[in-house]
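The data block below is entry37.tsv; it holds TSV, C-alpha atoms.
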```
chain	number	residue	atom	x	y	z
A	1414	MET	CA	-36.81	44.62	-92.32
A	1415	ALA	CA	-37.74	47.81	-90.50
A	1416	SER	CA	-36.74	50.95	-92.34
A	1417	ASP	CA	-34.06	53.39	-91.23
A	1418	PRO	CA	-35.83	56.76	-91.41
A	1419	SER	CA	-33.56	59.73	-91.94
A	1420	THR	CA	-35.81	62.53	-93.20
A	1421	PRO	CA	-35.62	65.90	-91.43
A	1422	THR	CA	-39.13	65.44	-89.98
A	1423	THR	CA	-38.16	62.30	-88.08
A	1424	PRO	CA	-38.36	63.09	-84.33
A	1425	THR	CA	-35.05	62.97	-82.51
A	1426	SER	CA	-34.58	59.84	-80.43
A	1427	PRO	CA	-34.70	60.35	-76.66
A	1428	THR	CA	-31.69	59.93	-74.38
A	1429	GLU	CA	-33.88	58.98	-71.42
A	1430	ASP	CA	-37.48	58.03	-70.70
A	1431	ARG	CA	-38.61	61.60	-69.95
A	1432	GLU	CA	-37.76	62.67	-73.50
A	1433	ALA	CA	-39.87	60.04	-75.25
A	1434	THR	CA	-42.70	61.67	-77.21
A	1435	LYS	CA	-45.88	60.49	-78.86
A	1436	GLU	CA	-44.50	61.52	-82.26
A	1437	TRP	CA	-41.34	59.47	-81.73
A	1438	LEU	CA	-43.34	56.36	-80.75
A	1439	GLU	CA	-45.67	56.76	-83.72
A	1440	THR	CA	-42.64	57.00	-86.02
A	1441	ILE	CA	-41.40	53.66	-84.68
A	1442	LEU	CA	-44.77	51.97	-85.11
A	1443	GLU	CA	-45.33	53.41	-88.59
A	1444	SER	CA	-41.87	52.20	-89.63
A	1445	TYR	CA	-42.57	48.73	-88.28
A	1446	HIS	CA	-45.92	48.32	-90.03
A	1447	LYS	CA	-44.52	49.80	-93.24
A	1448	SER	CA	-41.84	47.09	-93.18
A	1449	LEU	CA	-44.59	44.45	-93.00
A	1450	GLU	CA	-46.74	46.03	-95.72
A	1451	PRO	CA	-44.48	48.24	-97.89
A	1452	ASP	CA	-47.19	49.11	-100.38
A	1453	SER	CA	-49.80	50.16	-97.83
A	1454	GLU	CA	-50.44	53.58	-96.38
A	1455	MET	CA	-49.90	53.52	-92.64
A	1456	ASP	CA	-52.41	55.20	-90.38
A	1457	VAL	CA	-51.10	54.72	-86.83
A	1458	GLU	CA	-52.92	56.24	-83.89
A	1459	LEU	CA	-51.23	55.89	-80.51
A	1460	ARG	CA	-53.77	55.61	-77.70
A	1461	GLU	CA	-51.87	54.69	-74.56
A	1462	TRP	CA	-48.17	54.40	-73.88
A	1463	SER	CA	-45.67	54.09	-71.07
A	1464	VAL	CA	-41.89	54.57	-71.14
A	1465	SER	CA	-39.55	53.76	-68.25
A	1466	PRO	CA	-35.96	52.60	-67.67
A	1467	ALA	CA	-35.66	48.87	-68.38
A	1468	SER	CA	-35.43	46.66	-65.32
A	1469	GLY	CA	-32.69	44.06	-64.83
A	1470	GLY	CA	-34.93	41.27	-66.12
A	1471	GLU	CA	-35.67	43.13	-69.36
A	1472	ARG	CA	-32.20	44.49	-70.15
A	1473	GLU	CA	-30.14	43.33	-73.10
A	1474	GLY	CA	-26.56	43.74	-71.92
A	1475	TYR	CA	-25.12	46.83	-70.27
A	1476	LEU	CA	-23.40	48.80	-73.05
A	1477	SER	CA	-26.48	50.91	-73.73
A	1478	GLU	CA	-29.21	52.92	-72.07
A	1479	GLN	CA	-32.41	50.91	-72.30
A	1480	LEU	CA	-36.06	51.88	-72.13
A	1481	SER	CA	-39.05	49.65	-71.58
A	1482	VAL	CA	-41.93	50.77	-73.80
A	1483	GLY	CA	-45.55	49.69	-73.68
A	1484	VAL	CA	-47.95	50.86	-76.41
A	1485	SER	CA	-51.60	50.44	-77.30
A	1486	TYR	CA	-52.48	51.75	-80.76
A	1487	SER	CA	-54.42	51.20	-83.95
A	1488	ALA	CA	-52.94	50.62	-87.40
A	1489	ARG	CA	-55.13	50.45	-90.49
A	1490	GLY	CA	-58.19	50.12	-88.28
A	1491	LYS	CA	-56.87	47.21	-86.19
A	1492	ASP	CA	-56.00	47.38	-82.49
A	1493	HIS	CA	-52.51	46.40	-81.36
A	1494	HIS	CA	-50.60	46.11	-78.09
A	1495	ALA	CA	-46.83	45.79	-77.93
A	1496	HIS	CA	-44.06	45.65	-75.36
A	1497	LEU	CA	-40.76	46.97	-76.73
A	1498	LEU	CA	-37.18	47.47	-75.61
A	1499	ALA	CA	-35.32	50.54	-76.90
A	1500	LYS	CA	-31.50	50.47	-76.80
A	1501	LEU	CA	-29.78	53.88	-76.88
A	1502	LEU	CA	-26.20	55.10	-76.65
A	1503	PRO	CA	-24.96	55.04	-73.04
A	1504	GLN	CA	-24.94	58.38	-71.23
A	1505	ASP	CA	-21.74	57.66	-69.31
A	1506	PRO	CA	-19.02	59.47	-71.35
A	1507	PHE	CA	-16.48	56.62	-71.11
A	1508	ASN	CA	-18.93	53.89	-72.10
A	1509	ARG	CA	-20.39	56.10	-74.84
A	1510	ALA	CA	-16.95	56.71	-76.36
A	1511	PHE	CA	-16.13	53.00	-76.12
A	1512	VAL	CA	-19.33	51.93	-77.89
A	1513	ILE	CA	-18.89	54.50	-80.66
A	1514	GLU	CA	-15.22	53.68	-81.21
A	1515	THR	CA	-15.77	49.91	-81.34
A	1516	LEU	CA	-18.94	50.25	-83.47
A	1517	PHE	CA	-20.81	48.02	-81.02
A	1518	ASP	CA	-24.04	49.95	-81.57
A	1519	LEU	CA	-23.76	50.05	-85.37
A	1520	ARG	CA	-22.82	46.38	-85.57
A	1521	GLU	CA	-25.89	45.30	-83.63
A	1522	ILE	CA	-28.14	47.54	-85.71
A	1523	LYS	CA	-26.64	46.01	-88.86
A	1524	PHE	CA	-27.21	42.55	-87.41
A	1525	TYR	CA	-30.94	43.21	-87.14
A	1526	THR	CA	-31.33	45.18	-90.37
A	1527	GLU	CA	-29.05	43.12	-92.65
A	1528	ILE	CA	-27.61	39.91	-91.18
A	1529	LYS	CA	-30.70	38.43	-89.52
A	1530	PRO	CA	-32.93	39.02	-92.58
A	1531	ALA	CA	-30.27	37.40	-94.81
A	1532	LEU	CA	-30.06	34.32	-92.59
A	1533	GLU	CA	-33.85	34.06	-92.44
A	1534	GLY	CA	-33.92	34.36	-96.22
A	1535	VAL	CA	-31.73	31.24	-96.47
A	1536	GLU	CA	-34.06	29.39	-94.12
A	1537	ARG	CA	-37.18	30.38	-96.06
A	1538	GLN	CA	-35.53	29.24	-99.28
A	1539	TYR	CA	-34.79	25.72	-98.06
A	1540	LEU	CA	-36.96	24.88	-95.07
A	1541	THR	CA	-40.60	23.99	-94.75
A	1542	GLU	CA	-42.78	26.16	-92.53
A	1543	ASP	CA	-42.70	23.69	-89.64
A	1544	SER	CA	-38.87	23.55	-89.80
A	1545	LEU	CA	-38.32	27.29	-89.65
A	1546	SER	CA	-36.62	28.49	-86.48
A	1547	LEU	CA	-38.80	30.10	-83.86
A	1548	ALA	CA	-37.88	33.51	-82.44
A	1549	TRP	CA	-34.13	32.81	-82.25
A	1550	ALA	CA	-33.48	36.56	-81.89
A	1551	PRO	CA	-35.85	39.42	-81.01
A	1552	GLU	CA	-38.05	40.96	-83.70
A	1553	LEU	CA	-36.91	44.34	-85.01
A	1554	TYR	CA	-39.29	47.30	-84.81
A	1555	TYR	CA	-37.05	50.25	-85.66
A	1556	ALA	CA	-33.42	51.21	-86.14
A	1557	LYS	CA	-31.65	54.52	-86.70
A	1558	HIS	CA	-27.96	55.41	-86.62
A	1559	LYS	CA	-26.02	58.65	-87.02
A	1560	THR	CA	-22.31	58.28	-86.35
A	1561	ALA	CA	-21.27	59.53	-82.90
A	1562	SER	CA	-24.55	61.33	-82.28
A	1563	GLU	CA	-27.61	59.11	-82.41
A	1564	SER	CA	-28.14	55.38	-82.22
A	1565	ILE	CA	-31.37	53.59	-81.45
A	1566	LEU	CA	-32.52	50.02	-81.79
A	1567	VAL	CA	-36.09	49.09	-80.86
A	1568	LEU	CA	-36.85	45.39	-80.44
A	1569	ALA	CA	-39.70	43.26	-79.23
A	1570	ASP	CA	-39.37	42.74	-75.48
A	1571	MET	CA	-39.09	38.95	-75.42
A	1572	CYS	CA	-39.50	38.81	-71.64
A	1573	GLN	CA	-43.06	40.04	-72.21
A	1574	ARG	CA	-43.56	37.10	-74.58
A	1575	GLY	CA	-42.79	34.48	-71.96
A	1576	TYR	CA	-39.00	34.27	-72.33
A	1577	LYS	CA	-36.80	34.40	-69.24
A	1578	MET	CA	-33.10	34.57	-68.45
A	1579	GLN	CA	-31.76	31.70	-66.37
A	1580	ASP	CA	-30.08	32.61	-63.09
A	1581	LEU	CA	-26.31	32.71	-63.59
A	1582	THR	CA	-25.59	31.15	-60.20
A	1583	GLU	CA	-27.68	28.08	-60.97
A	1584	GLY	CA	-26.41	27.69	-64.51
A	1585	LEU	CA	-28.34	26.23	-67.42
A	1586	THR	CA	-30.23	22.96	-67.36
A	1587	LEU	CA	-29.29	20.25	-69.85
A	1588	SER	CA	-32.39	20.93	-71.95
A	1589	GLN	CA	-31.57	24.64	-72.06
A	1590	VAL	CA	-28.02	23.94	-73.21
A	1591	GLN	CA	-29.29	21.61	-75.93
A	1592	SER	CA	-31.78	24.25	-77.06
A	1593	ALA	CA	-29.04	26.91	-77.15
A	1594	LEU	CA	-26.71	24.59	-79.11
A	1595	THR	CA	-29.43	23.79	-81.63
A	1596	THR	CA	-30.20	27.49	-82.05
A	1597	VAL	CA	-26.59	28.52	-82.60
A	1598	ALA	CA	-25.96	25.50	-84.86
A	1599	ASN	CA	-28.84	26.70	-87.04
A	1600	VAL	CA	-27.35	30.21	-87.21
A	1601	HIS	CA	-23.91	28.80	-88.04
A	1602	ALA	CA	-25.33	26.57	-90.75
A	1603	ALA	CA	-27.43	29.32	-92.35
A	1604	SER	CA	-24.42	31.63	-92.43
A	1605	PHE	CA	-22.29	28.89	-94.02
A	1606	ALA	CA	-24.93	28.42	-96.72
A	1607	LEU	CA	-25.12	32.18	-97.20
A	1608	GLN	CA	-21.39	32.53	-97.78
A	1609	MET	CA	-21.52	30.03	-100.63
A	1610	GLU	CA	-23.08	32.88	-102.62
A	1611	LYS	CA	-20.71	35.62	-101.42
A	1612	PRO	CA	-17.99	35.73	-98.73
A	1613	LEU	CA	-19.44	36.86	-95.41
A	1614	GLN	CA	-16.68	39.40	-94.77
A	1615	GLU	CA	-17.46	41.08	-98.10
A	1616	ARG	CA	-21.20	40.92	-97.54
A	1617	PHE	CA	-20.95	42.29	-93.98
A	1618	PRO	CA	-17.74	44.40	-93.80
A	1619	TYR	CA	-18.62	45.77	-90.35
A	1620	LEU	CA	-18.25	42.39	-88.60
A	1621	LEU	CA	-15.98	42.46	-85.55
A	1622	SER	CA	-12.47	41.81	-86.85
A	1623	MET	CA	-10.05	39.32	-85.36
A	1624	GLU	CA	-7.76	42.12	-84.15
A	1625	GLN	CA	-10.66	44.01	-82.60
A	1626	ALA	CA	-11.79	40.87	-80.80
A	1627	VAL	CA	-8.28	40.10	-79.54
A	1628	GLU	CA	-7.86	43.65	-78.23
A	1629	SER	CA	-11.28	43.66	-76.57
A	1630	PHE	CA	-10.85	40.32	-74.81
A	1631	ASN	CA	-7.26	41.08	-73.85
A	1632	CYS	CA	-8.39	44.31	-72.17
A	1633	LEU	CA	-10.98	42.26	-70.30
A	1634	VAL	CA	-8.33	39.84	-69.04
A	1635	ASP	CA	-6.01	42.71	-68.08
A	1636	ARG	CA	-8.79	44.04	-65.88
A	1637	GLY	CA	-9.93	40.77	-64.30
A	1638	LEU	CA	-6.69	38.86	-63.83
A	1639	PRO	CA	-5.28	41.07	-61.02
A	1640	LEU	CA	-8.61	40.80	-59.17
A	1641	LEU	CA	-8.57	37.02	-59.35
A	1642	LEU	CA	-4.90	36.69	-58.40
A	1643	LYS	CA	-5.50	38.90	-55.37
A	1644	PHE	CA	-8.52	36.84	-54.37
A	1645	LEU	CA	-6.52	33.61	-54.70
A	1646	VAL	CA	-3.88	34.74	-52.20
A	1647	SER	CA	-6.22	33.60	-49.42
A	1648	ARG	CA	-7.19	30.37	-51.22
A	1649	LYS	CA	-4.31	28.05	-50.41
A	1650	ASP	CA	-6.43	25.13	-51.64
A	1651	ARG	CA	-6.31	26.67	-55.14
A	1652	ALA	CA	-2.60	27.43	-55.27
A	1653	GLU	CA	-2.20	25.58	-58.58
A	1654	VAL	CA	-4.81	27.81	-60.20
A	1655	ARG	CA	-3.08	30.96	-59.02
A	1656	GLU	CA	0.29	29.69	-60.20
A	1657	GLY	CA	-1.13	28.73	-63.60
A	1658	LEU	CA	-2.83	32.09	-64.09
A	1659	ARG	CA	0.32	34.05	-63.35
A	1660	LYS	CA	1.64	32.85	-66.72
A	1661	TYR	CA	-1.03	34.92	-68.46
A	1662	SER	CA	0.11	38.32	-67.21
A	1663	GLY	CA	1.99	39.07	-70.43
A	1664	ARG	CA	1.98	38.18	-74.11
A	1665	ARG	CA	0.59	34.70	-73.60
A	1666	THR	CA	-3.03	35.87	-73.38
A	1667	VAL	CA	-2.81	37.62	-76.76
A	1668	ASP	CA	-1.31	34.49	-78.35
A	1669	VAL	CA	-4.12	32.28	-77.02
A	1670	LEU	CA	-6.80	34.70	-78.18
A	1671	ARG	CA	-5.29	35.21	-81.63
A	1672	GLY	CA	-4.86	31.46	-82.07
A	1673	ILE	CA	-8.59	30.73	-81.86
A	1674	LEU	CA	-9.99	34.04	-83.15
A	1675	THR	CA	-8.01	33.80	-86.40
A	1676	PRO	CA	-10.38	32.28	-88.97
A	1677	SER	CA	-9.79	28.62	-89.84
A	1678	ASP	CA	-8.52	27.47	-93.22
A	1679	LYS	CA	-11.23	24.78	-93.19
A	1680	LEU	CA	-14.57	26.17	-91.99
A	1681	ASN	CA	-15.86	29.47	-90.64
A	1682	THR	CA	-19.31	30.86	-89.97
A	1683	LEU	CA	-20.83	33.87	-88.31
A	1684	VAL	CA	-20.28	33.53	-84.56
A	1685	HIS	CA	-21.97	35.42	-81.76
A	1686	CYS	CA	-18.68	35.52	-79.80
A	1687	ASP	CA	-20.37	36.25	-76.46
A	1688	PHE	CA	-22.54	33.16	-76.31
A	1689	TRP	CA	-23.28	32.54	-72.65
A	1690	CYS	CA	-26.32	32.29	-70.41
A	1691	ASN	CA	-26.71	36.04	-69.75
A	1692	ASN	CA	-27.23	36.55	-73.49
A	1693	LEU	CA	-29.82	33.79	-73.76
A	1694	LEU	CA	-33.55	33.77	-73.03
A	1695	PHE	CA	-35.60	30.60	-72.68
A	1696	LYS	CA	-39.25	29.67	-72.94
A	1697	LYS	CA	-41.09	26.37	-72.51
A	1698	GLU	CA	-43.40	25.39	-75.38
A	1699	GLY	CA	-45.03	22.14	-74.29
A	1700	ASP	CA	-42.18	19.64	-73.90
A	1701	ALA	CA	-39.79	21.80	-75.94
A	1702	THR	CA	-37.41	24.49	-74.68
A	1703	CYS	CA	-37.04	27.48	-77.00
A	1704	CYS	CA	-33.96	29.72	-76.99
A	1705	CYS	CA	-33.73	33.37	-78.04
A	1706	VAL	CA	-30.26	34.94	-78.41
A	1707	ILE	CA	-29.69	38.61	-77.56
A	1708	ASP	CA	-26.78	41.09	-77.63
A	1709	TRP	CA	-25.24	40.69	-81.09
A	1710	GLN	CA	-22.68	43.54	-80.86
A	1711	THR	CA	-19.70	41.18	-81.20
A	1712	VAL	CA	-20.90	39.12	-84.16
A	1713	MET	CA	-17.87	38.13	-86.22
A	1714	TYR	CA	-16.53	35.70	-88.82
A	1715	GLY	CA	-14.72	32.74	-87.29
A	1716	ARG	CA	-14.71	29.20	-85.96
A	1717	PRO	CA	-18.08	27.98	-84.69
A	1718	ALA	CA	-16.36	26.21	-81.78
A	1719	ILE	CA	-15.96	29.65	-80.18
A	1720	ASP	CA	-19.68	29.82	-79.41
A	1721	VAL	CA	-19.88	26.19	-78.29
A	1722	ALA	CA	-16.96	26.47	-75.88
A	1723	MET	CA	-18.13	29.81	-74.48
A	1724	LEU	CA	-21.51	28.31	-73.66
A	1725	LEU	CA	-20.26	25.09	-72.06
A	1726	CYS	CA	-17.44	26.73	-70.09
A	1727	THR	CA	-19.44	29.60	-68.65
A	1728	SER	CA	-22.99	28.44	-68.28
A	1729	LEU	CA	-22.99	24.92	-66.86
A	1730	GLU	CA	-22.51	23.94	-63.22
A	1731	ALA	CA	-19.17	22.11	-62.92
A	1732	SER	CA	-20.47	18.57	-62.38
A	1733	GLN	CA	-22.89	18.93	-65.30
A	1734	ARG	CA	-20.13	20.27	-67.54
A	1735	ARG	CA	-17.78	17.39	-66.68
A	1736	LYS	CA	-20.49	14.78	-67.14
A	1737	HIS	CA	-22.02	16.02	-70.39
A	1738	GLU	CA	-19.33	18.02	-72.22
A	1739	LYS	CA	-18.39	15.35	-74.78
A	1740	GLU	CA	-21.95	14.40	-75.59
A	1741	LEU	CA	-22.96	18.06	-75.92
A	1742	LEU	CA	-20.12	18.69	-78.37
A	1743	SER	CA	-21.40	15.77	-80.47
A	1744	TYR	CA	-24.95	17.07	-80.03
A	1745	TYR	CA	-23.89	20.39	-81.54
A	1746	TRP	CA	-22.10	18.69	-84.45
A	1747	ASP	CA	-25.16	16.58	-85.25
A	1748	ALA	CA	-27.40	19.67	-85.13
A	1749	PHE	CA	-25.01	21.64	-87.35
A	1750	THR	CA	-24.59	18.94	-90.01
A	1751	SER	CA	-28.29	18.09	-89.93
A	1752	ARG	CA	-29.12	21.70	-90.68
A	1753	LEU	CA	-26.51	21.85	-93.44
A	1754	SER	CA	-28.12	18.83	-95.08
A	1755	LYS	CA	-31.43	20.71	-95.20
A	1756	PHE	CA	-29.57	23.40	-97.14
A	1757	ALA	CA	-28.43	20.67	-99.57
A	1758	ILE	CA	-24.89	20.67	-98.09
A	1759	GLU	CA	-23.67	17.22	-97.07
A	1760	LYS	CA	-20.84	16.44	-94.64
A	1761	ASP	CA	-18.48	15.29	-97.37
A	1762	ALA	CA	-18.94	18.61	-99.16
A	1763	ILE	CA	-16.98	20.47	-96.46
A	1764	THR	CA	-13.33	20.03	-95.49
A	1765	TYR	CA	-14.15	19.97	-91.79
A	1766	THR	CA	-14.89	17.02	-89.53
A	1767	GLU	CA	-16.04	16.40	-85.98
A	1768	ASP	CA	-12.37	15.82	-85.09
A	1769	ASP	CA	-11.57	19.30	-86.40
A	1770	LEU	CA	-14.36	20.66	-84.22
A	1771	LYS	CA	-12.87	18.92	-81.19
A	1772	GLU	CA	-9.47	20.48	-81.87
A	1773	ASP	CA	-10.96	23.94	-82.29
A	1774	PHE	CA	-13.02	23.35	-79.15
A	1775	LYS	CA	-9.86	22.86	-77.05
A	1776	ALA	CA	-8.42	26.16	-78.24
A	1777	ALA	CA	-11.78	27.86	-77.72
A	1778	GLN	CA	-11.92	26.46	-74.17
A	1779	ALA	CA	-8.65	28.27	-73.42
A	1780	MET	CA	-10.13	31.51	-74.73
A	1781	SER	CA	-13.34	30.94	-72.74
A	1782	GLY	CA	-11.36	30.33	-69.57
A	1783	LEU	CA	-9.56	33.63	-70.06
A	1784	VAL	CA	-12.85	35.43	-70.71
A	1785	VAL	CA	-14.15	34.01	-67.44
A	1786	VAL	CA	-11.02	35.37	-65.73
A	1787	GLY	CA	-11.67	38.76	-67.32
A	1788	SER	CA	-15.28	38.76	-66.10
A	1789	VAL	CA	-14.51	37.44	-62.61
A	1790	ASP	CA	-15.98	40.54	-60.93
A	1791	ILE	CA	-19.46	39.08	-61.45
A	1792	ALA	CA	-18.41	35.96	-59.52
A	1793	LEU	CA	-16.41	37.35	-56.62
A	1794	GLY	CA	-18.51	37.65	-53.49
A	1795	ASN	CA	-20.83	34.84	-54.55
A	1796	THR	CA	-19.50	31.53	-53.20
A	1797	ALA	CA	-21.24	29.32	-55.75
A	1798	ARG	CA	-20.01	31.41	-58.70
A	1799	GLU	CA	-16.50	31.61	-57.26
A	1800	GLU	CA	-16.27	27.84	-57.00
A	1801	ARG	CA	-17.59	27.34	-60.53
A	1802	VAL	CA	-14.93	29.69	-61.91
A	1803	LEU	CA	-12.17	27.96	-59.96
A	1804	ASP	CA	-13.43	24.49	-60.90
A	1805	LEU	CA	-13.40	25.47	-64.58
A	1806	LEU	CA	-9.89	26.91	-64.45
A	1807	SER	CA	-8.60	23.91	-62.50
A	1808	ASP	CA	-10.15	21.49	-65.01
A	1809	LEU	CA	-8.69	23.38	-67.98
A	1810	MET	CA	-5.25	23.41	-66.39
A	1811	ASN	CA	-5.39	19.71	-65.51
A	1812	ALA	CA	-6.38	18.95	-69.10
A	1813	GLY	CA	-3.47	20.99	-70.44
A	1814	VAL	CA	-5.84	23.45	-72.13
A	1815	LEU	CA	-4.61	26.39	-70.03
```

Can you present the structure in this file as structure tokens?
Amino acid sequence: MASDPSTPTTPTSPTEDREATKEWLETILESYHKSLEPDSEMDVELREWSVSPASGGEREGYLSEQLSVGVSYSARGKDHHAHLLAKLLPQDPFNRAFVIETLFDLREIKFYTEIKPALEGVERQYLTEDSLSLAWAPELYYAKHKTASESILVLADMCQRGYKMQDLTEGLTLSQVQSALTTVANVHAASFALQMEKPLQERFPYLLSMEQAVESFNCLVDRGLPLLLKFLVSRKDRAEVREGLRKYSGRRTVDVLRGILTPSDKLNTLVHCDFWCNNLLFKKEGDATCCCVIDWQTVMYGRPAIDVAMLLCTSLEASQRRKHEKELLSYYWDAFTSRLSKFAIEKDAITYTEDDLKEDFKAAQAMSGLVVVGSVDIALGNTAREERVLDLLSDLMNAGVL
């Protein structure tokens, strides 16, 4: 785990690329190598570096300022080259206040400095080397947080390691969905094993709470629903969708969100809670498809079906979703229980079944549909995305989910 330097000599983190200094970069690299070899003296010499605003293909979400950093340096006599992504507090006053108030920045820093190492510790305890997960989340280089004033998270730039984000309009391929489900099933299983030692909410008290999640998603729906209803005025062929959505202008949205975001009395894990294709990176390794998950600001304690439903509802083209939804739900369950068995936890040791997952999945589909409504601005104006949103909502209404 990279250290969190707080001594007075630590250079102040930049707010933009022009403020990045050699001393600041060397602090990051020294911290990183010290985390790998705690007992060694670090002698880092920075030779070449470049710092620029991150491009769209490199960015991790949009609730932060992000810098793309390239460095060539030596450490303990060895040459190194690295491509990094630095996430800083947003400069826009409204977004900055929102991030600070909701602890989005702190929560993600804690994910990389505390949660991810704990989950990887479980895996190292039980799994053989060839069974260990690949880079399921970016590698941490450096983290620093001072409430309301400074927040920086420096990660390996996975796009420079061959990972790519799939185009939202096209949606994910079946192999990409399976890879994402396996990855999140492994995270869910490791967190379940971890909580057998100590409750996750006690271990990680900064997790997004149910009430915080309800408020955040409800605000999203309040913003997106009027846009979608206005758009649907001209879509007479989708009158049933517009009529169905009008029911969610009041308290009903909160009730749906609270119903699924309230932890289960049977089984809960850590959940990403924003698990869709724009937070996933993929890479081909021979015949295998590897998945790396980014943007962990909303990590919370809850029902694992939340992540599964969010992925399938948002990230698959409609015909693929209809054709493969049931088998993909079973695929996830098999991956989850298979991983639990490697942690010496058998199916009959938990009071949760595949039928329970299916029930939670229905409720999570309703939440996912509402999240899609709240995020409809990224679909409007793009015909293919518009139709996918409307197909999803129509399907959920016809199934009695919405």

| request: Provide the CA of His1496 (chain A) to CA of His1446 (chain A) distance in Å, to one decimal place. | output: 15.0 Å

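If you count all atoms listed in the file and ignore residues fewer than 2 places along the chain from region 1745-1752 of chain A, what sits within 9 Å of it is Gln1591, Leu1594, Thr1595, Thr1596, Val1597, Ala1598, Asn1599, Val1600, His1601, Ala1602, Ala1603, Val1721, Glu1740, Leu1741, Leu1742, Ser1743, Ser1754, Lys1755, Phe1756, Ala1757, Ile1758, Glu1759, Lys1760, Thr1766, Glu1767 and Leu1770 of chain A.
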
Output the selection as a PDB file, in the coordinates of the input - C-alpha atoms for each residue.
```pdb
ATOM      1  CA  GLN A1591     -29.290  21.610 -75.930  1.00  0.00           C
ATOM      2  CA  LEU A1594     -26.710  24.590 -79.110  1.00  0.00           C
ATOM      3  CA  THR A1595     -29.430  23.790 -81.630  1.00  0.00           C
ATOM      4  CA  THR A1596     -30.200  27.490 -82.050  1.00  0.00           C
ATOM      5  CA  VAL A1597     -26.590  28.520 -82.600  1.00  0.00           C
ATOM      6  CA  ALA A1598     -25.960  25.500 -84.860  1.00  0.00           C
ATOM      7  CA  ASN A1599     -28.840  26.700 -87.040  1.00  0.00           C
ATOM      8  CA  VAL A1600     -27.350  30.210 -87.210  1.00  0.00           C
ATOM      9  CA  HIS A1601     -23.910  28.800 -88.040  1.00  0.00           C
ATOM     10  CA  ALA A1602     -25.330  26.570 -90.750  1.00  0.00           C
ATOM     11  CA  ALA A1603     -27.430  29.320 -92.350  1.00  0.00           C
ATOM     12  CA  VAL A1721     -19.880  26.190 -78.290  1.00  0.00           C
ATOM     13  CA  GLU A1740     -21.950  14.400 -75.590  1.00  0.00           C
ATOM     14  CA  LEU A1741     -22.960  18.060 -75.920  1.00  0.00           C
ATOM     15  CA  LEU A1742     -20.120  18.690 -78.370  1.00  0.00           C
ATOM     16  CA  SER A1743     -21.400  15.770 -80.470  1.00  0.00           C
ATOM     17  CA  SER A1754     -28.120  18.830 -95.080  1.00  0.00           C
ATOM     18  CA  LYS A1755     -31.430  20.710 -95.200  1.00  0.00           C
ATOM     19  CA  PHE A1756     -29.570  23.400 -97.140  1.00  0.00           C
ATOM     20  CA  ALA A1757     -28.430  20.670 -99.570  1.00  0.00           C
ATOM     21  CA  ILE A1758     -24.890  20.670 -98.090  1.00  0.00           C
ATOM     22  CA  GLU A1759     -23.670  17.220 -97.070  1.00  0.00           C
ATOM     23  CA  LYS A1760     -20.840  16.440 -94.640  1.00  0.00           C
ATOM     24  CA  THR A1766     -14.890  17.020 -89.530  1.00  0.00           C
ATOM     25  CA  GLU A1767     -16.040  16.400 -85.980  1.00  0.00           C
ATOM     26  CA  LEU A1770     -14.360  20.660 -84.220  1.00  0.00           C
TER      27      LEU A1770
END
```

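Taking only C-alpha atoms into account, the polymer residues that have an atom no farther than 9 Å from (-16.7, 26.2, -76.4) are Pro1717, Ala1718, Ile1719, Asp1720, Val1721, Ala1722, Met1723, Leu1724, Leu1725, Cys1726, Thr1727, Leu1742, Asp1773, Phe1774, Lys1775, Ala1776, Ala1777, Gln1778, Ala1779, Met1780 and Ser1781 of chain A.
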
Each region 1508-1547 of chain A residue no farther than 12 Å from region 1560-1566 of chain A, nearest pair in Å, all atoms listed in the file, as a tab-separated table:
```
residue	atom	partner	partner_atom	distance
A:Arg1509	CA	A:Ala1561	CA	8.8
A:Ala1510	CA	A:Ala1561	CA	8.3
A:Phe1511	CA	A:Ala1561	CA	10.7
A:Val1512	CA	A:Ala1561	CA	9.3
A:Ile1513	CA	A:Ala1561	CA	6.0
A:Glu1514	CA	A:Ala1561	CA	8.6
A:Thr1515	CA	A:Ala1561	CA	11.2
A:Leu1516	CA	A:Thr1560	CA	9.2
A:Phe1517	CA	A:Ser1564	CA	10.5
A:Asp1518	CA	A:Ser1564	CA	6.8
A:Leu1519	CA	A:Ser1564	CA	7.6
A:Arg1520	CA	A:Ser1564	CA	11.0
A:Glu1521	CA	A:Leu1566	CA	8.3
A:Ile1522	CA	A:Leu1566	CA	6.4
A:Lys1523	CA	A:Leu1566	CA	10.0
A:Phe1524	CA	A:Leu1566	CA	10.8
A:Tyr1525	CA	A:Leu1566	CA	8.8
A:Thr1526	CA	A:Leu1566	CA	9.9
```

| message | Using all atoms listed in the file and a cutoff of 12 Å, can you tell me which residues are near (-9.8, 20.3, -65.6) in the file's coordinates, and write them out as number ranges by chain? | response | A: 1653-1654, 1726, 1731-1732, 1734-1735, 1738, 1775, 1778-1779, 1782, 1801-1815

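From CA of Pro1618 (chain A) back to CA of Ser1444 (chain A), the distance works out to 25.7 Å.
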
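Distances to Ile1791 (chain A) were evaluated for A:Lys1696, A:Thr1764, A:Leu1568, A:Leu1581 using all atoms listed in the file, and the minimum falls at A:Leu1581.
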
| Got a sec: who's within 8 Å of region 1475-1491 of chain A, counting only C-alpha atoms, leaving out chain neighbours fewer than 6 positions off, as an NGL selection string? | :A and (1428-1430 or 1446 or 1455-1468 or 1497-1504 or 1508 or 1512 or 1570)

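With CA of Lys1771 (chain A) on one side and CA of Arg1665 (chain A) on the other, the separation reads 22.1 Å.
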